[in-house]
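For reference, upload.csv is printed below; it contains CSV, C-alpha atoms and all ligand atoms.
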```csv
chain,number,residue,atom,x,y,z
A,26,MET,CA,91.9,0.9,-20.0
A,27,ASN,CA,90.9,1.2,-23.7
A,28,THR,CA,88.0,3.5,-24.7
A,29,ALA,CA,84.7,1.8,-24.4
A,30,TRP,CA,82.7,0.7,-27.4
A,31,HIS,CA,79.2,2.0,-26.9
A,32,VAL,CA,77.0,-0.2,-29.1
A,33,LEU,CA,73.6,1.3,-30.0
A,34,GLY,CA,71.3,-1.4,-31.5
A,35,ALA,CA,71.5,-4.8,-30.0
A,36,GLY,CA,70.1,-6.5,-33.1
A,37,SER,CA,71.9,-8.8,-35.6
A,38,LEU,CA,75.1,-6.8,-36.4
A,39,GLY,CA,75.2,-5.1,-33.0
A,40,THR,CA,75.2,-8.4,-31.2
A,41,LEU,CA,77.8,-9.8,-33.6
A,42,TRP,CA,80.2,-6.8,-33.0
A,43,ALA,CA,79.5,-6.5,-29.3
A,44,CYS,CA,80.1,-10.2,-28.5
A,45,ARG,CA,83.4,-10.4,-30.5
A,46,LEU,CA,84.7,-7.2,-29.0
A,47,ALA,CA,83.7,-8.3,-25.5
A,48,ARG,CA,85.3,-11.7,-25.7
A,49,ALA,CA,88.6,-10.1,-27.0
A,50,GLY,CA,88.6,-8.1,-23.7
A,51,GLN,CA,87.5,-4.8,-25.1
A,52,PRO,CA,85.2,-2.7,-22.8
A,53,VAL,CA,81.7,-2.7,-24.4
A,54,GLN,CA,78.6,-0.9,-23.2
A,55,LEU,CA,75.2,-1.6,-24.8
A,56,LEU,CA,72.8,1.3,-25.2
A,57,LEU,CA,69.2,0.1,-24.9
A,58,ARG,CA,66.1,2.0,-25.6
A,59,ASP,CA,64.6,2.3,-22.1
A,60,ARG,CA,64.3,0.7,-18.7
A,61,GLU,CA,61.9,-2.0,-20.0
A,62,HIS,CA,64.5,-3.2,-22.6
A,63,LEU,CA,67.2,-3.0,-19.9
A,64,ALA,CA,65.1,-5.2,-17.6
A,65,SER,CA,64.4,-7.7,-20.4
A,66,TYR,CA,68.1,-7.8,-21.3
A,67,ARG,CA,69.2,-8.4,-17.7
A,68,ALA,CA,66.6,-11.1,-17.3
A,69,ALA,CA,68.1,-12.9,-20.4
A,70,GLY,CA,71.6,-12.8,-18.7
A,71,GLY,CA,73.3,-11.2,-21.7
A,72,LEU,CA,73.6,-11.4,-25.5
A,73,SER,CA,73.9,-14.8,-27.1
A,74,LEU,CA,75.8,-15.4,-30.2
A,75,SER,CA,75.5,-18.6,-32.2
A,76,GLU,CA,78.3,-19.7,-34.4
A,77,PRO,CA,78.8,-23.0,-36.2
A,78,GLY,CA,79.1,-25.6,-33.5
A,79,HIS,CA,78.5,-23.4,-30.4
A,80,THR,CA,76.4,-20.7,-28.8
A,81,GLN,CA,77.7,-18.5,-26.0
A,82,THR,CA,76.1,-15.9,-23.8
A,83,TYR,CA,78.1,-12.7,-23.0
A,84,SER,CA,77.1,-10.7,-20.0
A,85,ILE,CA,77.9,-7.3,-21.5
A,86,ASP,CA,77.3,-4.1,-19.5
A,87,ALA,CA,74.2,-2.3,-20.6
A,88,GLN,CA,72.5,1.0,-19.9
A,89,THR,CA,69.7,3.1,-21.4
A,90,LEU,CA,70.3,5.8,-24.0
A,91,ILE,CA,69.6,8.5,-21.5
A,92,ASP,CA,71.9,7.3,-18.8
A,93,ASP,CA,74.8,9.5,-17.6
A,94,GLY,CA,78.3,9.4,-18.9
A,95,PRO,CA,80.1,10.7,-22.0
A,96,ILE,CA,80.3,8.6,-25.2
A,97,GLN,CA,83.6,8.7,-26.9
A,98,ARG,CA,83.2,5.9,-29.4
A,99,LEU,CA,79.8,4.8,-30.7
A,100,LEU,CA,79.0,1.9,-32.9
A,101,LEU,CA,75.6,2.7,-34.5
A,102,ALA,CA,74.1,-0.7,-35.3
A,103,CYS,CA,70.4,0.1,-36.0
A,104,LYS,CA,68.6,0.1,-39.3
A,105,ALA,CA,69.1,3.2,-41.6
A,106,TYR,CA,65.6,4.5,-40.9
A,107,ASP,CA,66.3,4.5,-37.2
A,108,ALA,CA,69.7,6.2,-37.3
A,109,GLU,CA,68.7,9.8,-37.0
A,110,ALA,CA,66.4,9.3,-34.1
A,111,ALA,CA,68.9,7.1,-32.4
A,112,ILE,CA,71.7,9.7,-32.7
A,113,ARG,CA,69.4,12.5,-31.5
A,114,SER,CA,68.7,10.6,-28.3
A,115,VAL,CA,72.4,10.3,-27.4
A,116,LEU,CA,73.6,13.8,-28.7
A,117,PRO,CA,73.9,15.3,-25.2
A,118,ARG,CA,76.2,12.4,-24.3
A,119,LEU,CA,78.6,12.6,-27.2
A,120,ALA,CA,82.1,13.8,-26.3
A,121,ALA,CA,83.5,16.8,-28.2
A,122,ASN,CA,85.7,14.6,-30.3
A,123,ALA,CA,83.5,11.5,-30.4
A,124,GLU,CA,83.9,8.9,-33.1
A,125,LEU,CA,80.7,7.3,-34.7
A,126,VAL,CA,81.0,4.1,-36.6
A,127,LEU,CA,78.0,3.8,-38.9
A,128,LEU,CA,77.1,0.3,-40.0
A,129,GLN,CA,74.0,1.2,-42.0
A,130,ASN,CA,73.4,-0.1,-45.4
A,131,GLY,CA,72.7,2.2,-48.4
A,132,LEU,CA,73.3,5.9,-48.4
A,133,GLY,CA,71.6,8.9,-46.8
A,134,SER,CA,71.4,7.9,-43.2
A,135,GLN,CA,75.2,8.5,-42.7
A,136,GLN,CA,75.0,12.0,-44.1
A,137,ALA,CA,71.9,12.7,-41.9
A,138,VAL,CA,73.8,11.5,-38.8
A,139,ALA,CA,76.9,13.5,-39.7
A,140,ALA,CA,74.8,16.7,-40.0
A,141,LEU,CA,73.3,16.1,-36.6
A,142,ALA,CA,76.7,15.6,-35.0
A,143,PRO,CA,79.0,17.9,-36.9
A,144,HIS,CA,81.7,17.8,-34.1
A,145,ALA,CA,82.0,14.0,-34.3
A,146,ARG,CA,84.2,12.0,-36.6
A,147,CYS,CA,81.8,9.8,-38.7
A,148,ILE,CA,83.3,6.6,-40.0
A,149,PHE,CA,81.2,4.8,-42.6
A,150,ALA,CA,81.2,1.1,-42.9
A,151,SER,CA,80.2,-1.4,-45.6
A,152,SER,CA,80.0,-5.0,-44.6
A,153,THR,CA,79.5,-8.3,-46.3
A,154,GLU,CA,79.1,-10.2,-42.9
A,155,GLY,CA,75.8,-11.8,-42.3
A,156,ALA,CA,73.9,-12.2,-39.1
A,157,PHE,CA,70.2,-12.6,-38.1
A,158,ARG,CA,68.2,-12.5,-34.9
A,159,HIS,CA,66.6,-15.8,-33.8
A,160,GLY,CA,65.1,-14.5,-30.6
A,161,PRO,CA,65.4,-11.5,-28.2
A,162,TRP,CA,69.0,-10.8,-27.4
A,163,GLN,CA,70.1,-13.7,-29.6
A,164,ALA,CA,71.8,-13.6,-32.9
A,165,THR,CA,73.3,-16.1,-35.3
A,166,PHE,CA,76.6,-15.4,-37.2
A,167,ALA,CA,75.3,-16.6,-40.6
A,168,GLY,CA,78.0,-15.6,-43.0
A,169,HIS,CA,81.7,-14.7,-42.6
A,170,GLY,CA,82.6,-11.6,-44.6
A,171,HIS,CA,84.6,-8.5,-44.5
A,172,THR,CA,84.0,-4.9,-43.4
A,173,TRP,CA,85.4,-1.8,-45.1
A,174,LEU,CA,85.6,1.3,-42.9
A,175,GLY,CA,86.5,4.8,-44.0
A,176,ASP,CA,86.0,8.6,-43.5
A,177,SER,CA,85.8,10.6,-46.7
A,178,LEU,CA,86.7,13.8,-44.8
A,179,ASP,CA,89.8,12.5,-43.1
A,180,LEU,CA,91.6,9.6,-44.8
A,181,THR,CA,93.7,8.8,-41.7
A,182,PRO,CA,92.9,5.3,-40.5
A,183,ALA,CA,91.0,5.1,-37.2
A,184,PRO,CA,93.4,4.5,-34.3
A,185,TRP,CA,91.5,1.4,-33.0
A,186,LEU,CA,91.7,-0.9,-36.0
A,187,ASN,CA,94.0,-3.2,-34.0
A,188,GLU,CA,91.1,-3.7,-31.6
A,189,LEU,CA,89.0,-5.1,-34.4
A,190,GLN,CA,92.0,-7.3,-35.4
A,191,ALA,CA,92.2,-8.7,-31.9
A,192,ALA,CA,88.5,-9.3,-31.9
A,193,GLY,CA,88.7,-11.3,-35.2
A,194,ILE,CA,86.6,-8.8,-37.1
A,195,SER,CA,87.9,-9.0,-40.7
A,196,HIS,CA,88.3,-5.4,-41.9
A,197,GLU,CA,90.2,-3.0,-44.0
A,198,TRP,CA,90.5,0.8,-44.0
A,199,SER,CA,89.2,2.2,-47.2
A,200,VAL,CA,90.3,5.5,-48.7
A,201,ASP,CA,87.2,5.6,-50.9
A,202,ILE,CA,84.4,4.3,-48.7
A,203,LEU,CA,81.7,6.3,-50.6
A,204,SER,CA,82.6,4.5,-53.8
A,205,ARG,CA,82.2,1.1,-51.9
A,206,LEU,CA,78.8,2.2,-50.5
A,207,TRP,CA,77.7,3.4,-53.9
A,208,ARG,CA,78.7,0.1,-55.6
A,209,LYS,CA,76.9,-1.9,-53.0
A,210,LEU,CA,73.8,0.3,-53.4
A,211,ALA,CA,73.9,-0.1,-57.1
A,212,LEU,CA,74.2,-3.9,-56.9
A,213,ASN,CA,71.3,-3.9,-54.4
A,214,CYS,CA,69.1,-1.7,-56.7
A,215,ALA,CA,69.7,-4.0,-59.7
A,216,ILE,CA,68.8,-7.1,-57.8
A,217,ASN,CA,66.7,-6.8,-54.7
A,218,PRO,CA,63.6,-4.8,-55.8
A,219,LEU,CA,63.1,-7.1,-58.8
A,220,THR,CA,63.3,-10.2,-56.6
A,221,VAL,CA,60.4,-8.6,-54.5
A,222,LEU,CA,58.4,-7.7,-57.6
A,223,TYR,CA,58.8,-11.1,-59.2
A,224,ASP,CA,58.7,-12.9,-55.8
A,225,CYS,CA,61.7,-15.0,-56.7
A,226,ARG,CA,65.1,-16.1,-55.5
A,227,ASN,CA,68.1,-14.1,-56.9
A,228,GLY,CA,68.5,-16.8,-59.6
A,229,GLY,CA,65.0,-16.2,-60.8
A,230,LEU,CA,66.3,-12.9,-62.4
A,231,THR,CA,68.0,-14.9,-65.1
A,232,ALA,CA,64.5,-15.0,-66.6
A,233,HIS,CA,64.6,-11.2,-66.9
A,234,PRO,CA,67.9,-10.4,-68.6
A,235,CYS,CA,66.8,-7.3,-70.5
A,236,GLU,CA,65.3,-5.6,-67.4
A,237,VAL,CA,68.5,-6.3,-65.4
A,238,ALA,CA,70.7,-5.0,-68.2
A,239,THR,CA,68.6,-1.8,-68.6
A,240,LEU,CA,68.7,-1.1,-64.9
A,241,CYS,CA,72.5,-1.6,-64.8
A,242,ALA,CA,72.9,0.8,-67.7
A,243,GLU,CA,70.9,3.5,-65.9
A,244,LEU,CA,72.6,2.9,-62.6
A,245,SER,CA,76.0,3.1,-64.4
A,246,ASP,CA,75.0,6.5,-65.9
A,247,LEU,CA,73.8,7.6,-62.5
A,248,LEU,CA,77.1,6.7,-60.8
A,249,HIS,CA,79.0,8.7,-63.4
A,250,CYS,CA,76.6,11.7,-62.8
A,251,CYS,CA,77.3,11.4,-59.1
A,252,GLY,CA,81.0,11.5,-59.6
A,253,GLN,CA,81.5,7.8,-58.8
A,254,PRO,CA,82.9,6.3,-62.1
A,255,GLU,CA,84.8,3.6,-60.2
A,256,ALA,CA,81.6,2.3,-58.6
A,257,ALA,CA,80.2,2.0,-62.2
A,258,TYR,CA,83.0,-0.1,-63.5
A,259,GLN,CA,81.7,-3.4,-65.0
A,260,LEU,CA,78.5,-3.1,-62.9
A,261,HIS,CA,76.4,-5.3,-65.2
A,262,GLU,CA,79.1,-8.1,-65.2
A,263,ASP,CA,79.2,-8.0,-61.5
A,264,VAL,CA,75.4,-8.0,-61.1
A,265,LEU,CA,75.3,-11.1,-63.3
A,266,LYS,CA,78.0,-12.7,-61.2
A,267,VAL,CA,76.2,-12.0,-57.9
A,268,ILE,CA,72.9,-13.4,-59.4
A,269,ALA,CA,74.7,-16.6,-60.4
A,270,ALA,CA,76.6,-17.0,-57.1
A,271,THR,CA,73.6,-16.4,-55.0
A,272,ALA,CA,71.0,-18.0,-57.3
A,273,ALA,CA,69.5,-20.1,-54.5
A,274,ASN,CA,69.2,-17.2,-52.0
A,275,TYR,CA,66.3,-14.9,-51.3
A,276,SER,CA,67.6,-11.3,-51.2
A,277,SER,CA,67.5,-9.4,-47.9
A,278,MET,CA,64.7,-7.2,-49.2
A,279,HIS,CA,62.7,-10.2,-50.2
A,280,GLN,CA,63.2,-11.7,-46.8
A,281,ASP,CA,62.1,-8.4,-45.2
A,282,VAL,CA,58.9,-8.4,-47.2
A,283,THR,CA,58.0,-12.0,-46.6
A,284,GLN,CA,58.7,-11.6,-42.9
A,285,ARG,CA,56.6,-8.4,-42.8
A,286,ARG,CA,59.6,-6.2,-41.8
A,287,ARG,CA,60.1,-2.6,-42.8
A,288,THR,CA,62.6,-2.3,-45.7
A,289,GLU,CA,65.4,0.2,-46.1
A,290,ILE,CA,64.0,1.3,-49.5
A,291,ASP,CA,64.6,5.1,-48.8
A,292,TYR,CA,68.3,4.5,-48.4
A,293,LEU,CA,68.7,2.2,-51.4
A,294,LEU,CA,66.4,2.6,-54.5
A,295,GLY,CA,64.8,5.7,-53.0
A,296,TYR,CA,68.2,7.3,-52.5
A,297,ALA,CA,69.3,6.4,-56.1
A,298,CYS,CA,66.1,7.9,-57.6
A,299,ALA,CA,66.4,11.1,-55.5
A,300,ALA,CA,70.1,11.5,-56.7
A,301,ALA,CA,69.1,10.9,-60.3
A,302,THR,CA,66.4,13.7,-60.0
A,303,ARG,CA,68.9,16.0,-58.3
A,304,HIS,CA,71.5,15.5,-61.1
A,305,ALA,CA,68.9,15.6,-63.8
A,306,CYS,CA,70.1,12.1,-64.9
A,307,PRO,CA,67.5,10.3,-67.0
A,308,THR,CA,66.7,7.0,-65.3
A,309,PRO,CA,63.1,6.2,-66.3
A,310,HIS,CA,63.3,2.4,-65.6
A,311,LEU,CA,64.8,3.0,-62.1
A,312,HIS,CA,61.9,5.4,-61.3
A,313,ALA,CA,59.4,2.9,-62.6
A,314,LEU,CA,61.0,0.2,-60.5
A,315,HIS,CA,60.8,2.5,-57.4
A,316,ALA,CA,57.1,3.2,-58.1
A,317,GLY,CA,56.4,-0.5,-58.6
A,318,LEU,CA,58.2,-1.4,-55.4
A,319,ARG,CA,56.4,1.3,-53.4
A,320,GLN,CA,53.1,-0.1,-54.6
A,321,CYS,CA,54.1,-3.7,-53.7
A,322,LEU,CA,55.2,-2.6,-50.2
A,323,GLN,CA,51.9,-0.8,-49.7
A,324,ALA,CA,50.0,-3.9,-50.8
A,325,HIS,CA,51.9,-5.9,-48.2
A,326,GLY,CA,50.9,-3.2,-45.5
A,327,LEU,CA,54.6,-2.1,-45.2
A,328,PRO,CA,55.9,1.5,-45.2
A,329,ALA,CA,56.5,2.4,-48.8
A,330,GLY,CA,59.0,5.1,-48.2
A,331,ARG,CA,59.3,8.6,-49.6
A,332,VAL,CA,58.4,9.5,-53.1
B,1,LIG,P1,68.4,-5.4,-36.7
B,1,LIG,O1,68.7,-6.8,-36.4
B,1,LIG,O2,67.0,-4.9,-36.9
B,1,LIG,O3,69.0,-4.6,-35.4
B,1,LIG,C1,68.8,-3.2,-35.2
B,1,LIG,C2,68.7,-3.0,-33.7
B,1,LIG,O4,68.7,-1.6,-33.5
B,1,LIG,C3,67.4,-3.5,-33.1
B,1,LIG,O5,67.8,-4.2,-31.9
B,1,LIG,C4,66.6,-2.3,-32.7
B,1,LIG,O6,65.8,-2.4,-31.6
B,1,LIG,C5,67.8,-1.3,-32.4
B,1,LIG,N1,67.4,0.1,-32.3
B,1,LIG,C6,66.8,0.8,-33.3
B,1,LIG,N2,66.6,2.1,-32.8
B,1,LIG,C7,67.1,2.1,-31.6
B,1,LIG,C8,67.2,3.1,-30.6
B,1,LIG,N3,66.8,4.3,-30.8
B,1,LIG,N4,67.7,2.8,-29.4
B,1,LIG,C9,68.2,1.5,-29.1
B,1,LIG,N5,68.1,0.5,-30.0
B,1,LIG,C10,67.6,0.8,-31.2
B,1,LIG,O7,69.3,-4.8,-37.8
B,1,LIG,P2,70.7,-5.4,-38.5
B,1,LIG,O8,70.3,-6.5,-39.4
B,1,LIG,O9,71.6,-5.6,-37.4
B,1,LIG,O10,71.1,-4.2,-39.4
B,1,LIG,C11,71.7,-3.0,-39.0
B,1,LIG,C12,72.2,-2.3,-40.2
B,1,LIG,O11,73.3,-3.1,-40.8
B,1,LIG,C13,71.2,-2.1,-41.4
B,1,LIG,O12,71.4,-0.9,-42.0
B,1,LIG,C14,71.5,-3.3,-42.3
B,1,LIG,O13,71.1,-3.1,-43.6
B,1,LIG,C15,73.0,-3.4,-42.1
B,1,LIG,N6,73.6,-4.7,-42.4
B,1,LIG,C16,73.1,-5.8,-41.8
B,1,LIG,C17,73.6,-7.1,-42.1
B,1,LIG,C18,73.1,-8.3,-41.5
B,1,LIG,O14,73.5,-9.4,-41.9
B,1,LIG,N7,72.2,-8.3,-40.5
B,1,LIG,C19,74.7,-7.2,-43.0
B,1,LIG,C20,75.2,-6.0,-43.6
B,1,LIG,C21,74.6,-4.8,-43.3
B,1,LIG,P3,64.3,-2.9,-31.8
B,1,LIG,O15,64.3,-4.3,-32.2
B,1,LIG,O16,63.7,-2.6,-30.4
B,1,LIG,O17,63.7,-2.0,-32.9
```

Any chance you could put this one into structure tokens?
Amino acid sequence: MNTAWHVLGAGSLGTLWACRLARAGQPVQLLLRDREHLASYRAAGGLSLSEPGHTQTYSIDAQTLIDDGPIQRLLLACKAYDAEAAIRSVLPRLAANAELVLLQNGLGSQQAVAALAPHARCIFASSTEGAFRHGPWQATFAGHGHTWLGDSLDLTPAPWLNELQAAGISHEWSVDILSRLWRKLALNCAINPLTVLYDCRNGGLTAHPCEVATLCAELSDLLHCCGQPEAAYQLHEDVLKVIAATAANYSSMHQDVTQRRRTEIDYLLGYACAAATRHACPTPHLHALHAGLRQCLQAHGLPAGRV
């Protein structure tokens, strides 16, 4: 019997991963917050995944975070701001050589988790797949993409990549996962906050070329200061390409704000600004953007993140 995939966070990505692994015959165990969530999940009969043309429900085993039993492999599929608390609650269950796969966007939460579980191998992931929840225990697979996985402390590929292959999860082992995460963070910082402040689709940023260019220049300097020159390569060109290719879309942060959901600001723009301060890297426009975004979130009654 293969090692079980414990999936903590039965939201959009957690459902997407759990359902694909389960239907490929991998043992999957969902970790739910408490008995109430467990009862609600059991009443629903499982997790439903909608894909183009069909919806299927998978009766995946579930238990609460504080149930018994060691956890050897954990897929952490919660938001970045929930990651530390989530790991704390399962710490007593983690096996001595546990592996944690961290799906969180941005940076900062992965390092916090790794500090909490120093005995575990932490594998960071960066994904371009898209999924959203359309009801309790229901998710829609909205955009096919690819997931890069890597461990900056141990470049040896994880031994279970063949299980992802069998589950149809498009993936690749990355020997420079931090560079990928930084690049994604920089793209996000150059686009998402501005779409919130201007209340526009990504394409609306073509009306603000100087602001985008200035942010890209500062982000590029910051990446160099942080020892990530590859993540800075042609950043501005790439940002313009993303804006053009996704012109009709609302950014994920814009969607969070319009749907009154907490954003991951501390792990994106907040993380970039904190790194700039730490490295004494001058990024006045990035800091002004952070202050403007915090103000805007507060005005919407949403958590504004750390200063
Ligand atoms: P999501 O839909 O909000 O799902 C997160 C899930 O984690 C929720 O079901 C939440 O439960 C659960 N959770 C949080 N803390 C928990 C705890 N202590 N115990 C048990 N469950 C807990 O989030 P998501 O969209 O899947 O995003 C997860 C991460 O992946 C984020 O960092 C996101 O930026 C990244 N990402 C997402 C996508 C995407 O398309 N969705 C794509 C790329 C990257 P409650 O609902 O009860 O809070």

Grab me every residue within 9 Å of ligand LIG 1 (chain B), counting all atoms listed in the file, and send it over as a PyMOL selection string. chain A and resi 32-41+55-59+62+89-90+101-115+127-131+134+150-158+161-162+164+166-168+172+277+286+288-289+292

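Comparing the minimum interatomic distances between Gln163 of chain A and each of A:Ala257, A:Val138, A:Ala242, A:Ala69, counting all atoms listed in the file, we find that A:Ala69 sits nearest.
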
Gap from atom CA of Gly229 of chain A to atom CA of Ala316 of chain A - Å, one decimal: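 Computing it gives 21.1 Å between the two atoms.
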
Calculate how many Å separate atom CA of Ala313 of chain A from atom CA of Tyr296 of chain A, rounding to one decimal.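 Calculated distance between atom CA of Ala313 of chain A and atom CA of Tyr296 of chain A is 14.1 Å.
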
Option closest in space to Gly78 of chain A, from A:Gln253, A:Gln320, A:Asn227, A:Thr165 [counting all atoms listed in the file]: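 Among the listed residues, the smallest separation from Gly78 of chain A belongs to A:Thr165.
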
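Nearest-residue note for Trp30 of chain A: choosing from A:Arg98, A:Arg287, A:His325, A:Lys209, the minimum distance belongs to A:Arg98, counting all atoms listed in the file.
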
One decimal, Å: what's the distance from atom CA of Leu141 of chain A over to atom CA of Leu293 of chain A, could you say? 20.8 Å

Given only C-alpha atoms as the basis, pick out the residue of A:Arg303, A:Lys266, A:His310, A:His249 nearest to Glu236 of chain A.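 That would be A:His310, the residue with the smallest distance to Glu236 of chain A.
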
Which of these, A:Ser65, A:Thr231, A:Gln97, A:Thr239, has the shortest distance to Pro117 of chain A once you count all atoms listed in the file?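 Smallest distance to Pro117 of chain A is found for A:Gln97.
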
Hey, which of A:Leu212, A:Ala120, A:Ala64, A:Ile202 ends up closest to Arg146 of chain A? Count only C-alpha atoms.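 Going through A:Leu212, A:Ala120, A:Ala64, A:Ile202 one by one, the smallest distance to Arg146 of chain A is for A:Ala120.
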
Any idea what's packed within 9 Å of Ala305 of chain A, counting only C-alpha atoms, ignoring anything in its chain fewer than 4 positions away? Could you give it as a ChimeraX atom specification? /A:250,300-301

My structure is short of atoms at segment 213-225 of chain A; please model N, CA and C atoms there, returning them as an mmCIF file, keeping the file's coordinate frame.
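Done, and the output landed in selection_14.cif:
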```
data_model
loop_
_atom_site.group_PDB
_atom_site.id
_atom_site.type_symbol
_atom_site.label_atom_id
_atom_site.label_comp_id
_atom_site.auth_asym_id
_atom_site.auth_seq_id
_atom_site.Cartn_x
_atom_site.Cartn_y
_atom_site.Cartn_z
ATOM 1 N N ASN A 213 72.533 -3.632 -55.113
ATOM 2 C CA ASN A 213 71.300 -3.900 -54.400
ATOM 3 C C ASN A 213 70.088 -3.412 -55.302
ATOM 4 N N CYS A 214 70.219 -2.204 -55.891
ATOM 5 C CA CYS A 214 69.100 -1.700 -56.700
ATOM 6 C C CYS A 214 68.831 -2.521 -57.941
ATOM 7 N N ALA A 215 69.885 -3.160 -58.467
ATOM 8 C CA ALA A 215 69.700 -4.000 -59.700
ATOM 9 C C ALA A 215 69.100 -5.325 -59.391
ATOM 10 N N ILE A 216 69.197 -5.765 -58.158
ATOM 11 C CA ILE A 216 68.800 -7.100 -57.800
ATOM 12 C C ILE A 216 67.542 -7.165 -56.888
ATOM 13 N N ASN A 217 67.690 -6.538 -55.724
ATOM 14 C CA ASN A 217 66.700 -6.800 -54.700
ATOM 15 C C ASN A 217 65.263 -6.364 -55.017
ATOM 16 N N PRO A 218 65.030 -5.148 -55.559
ATOM 17 C CA PRO A 218 63.600 -4.800 -55.800
ATOM 18 C C PRO A 218 62.981 -5.767 -56.837
ATOM 19 N N LEU A 219 63.730 -6.203 -57.859
ATOM 20 C CA LEU A 219 63.100 -7.100 -58.800
ATOM 21 C C LEU A 219 62.776 -8.464 -58.185
ATOM 22 N N THR A 220 63.592 -8.914 -57.215
ATOM 23 C CA THR A 220 63.300 -10.200 -56.600
ATOM 24 C C THR A 220 61.970 -10.069 -55.750
ATOM 25 N N VAL A 221 61.701 -8.855 -55.254
ATOM 26 C CA VAL A 221 60.400 -8.600 -54.500
ATOM 27 C C VAL A 221 59.285 -8.616 -55.515
ATOM 28 N N LEU A 222 59.456 -7.856 -56.627
ATOM 29 C CA LEU A 222 58.400 -7.700 -57.600
ATOM 30 C C LEU A 222 58.035 -9.052 -58.277
ATOM 31 N N TYR A 223 59.068 -9.849 -58.560
ATOM 32 C CA TYR A 223 58.800 -11.100 -59.200
ATOM 33 C C TYR A 223 58.655 -12.268 -58.173
ATOM 34 N N ASP A 224 58.762 -11.936 -56.909
ATOM 35 C CA ASP A 224 58.700 -12.900 -55.800
ATOM 36 C C ASP A 224 59.508 -14.146 -56.112
ATOM 37 N N CYS A 225 60.803 -13.898 -56.309
ATOM 38 C CA CYS A 225 61.700 -15.000 -56.700
ATOM 39 C C CYS A 225 63.013 -14.952 -55.936
#
```
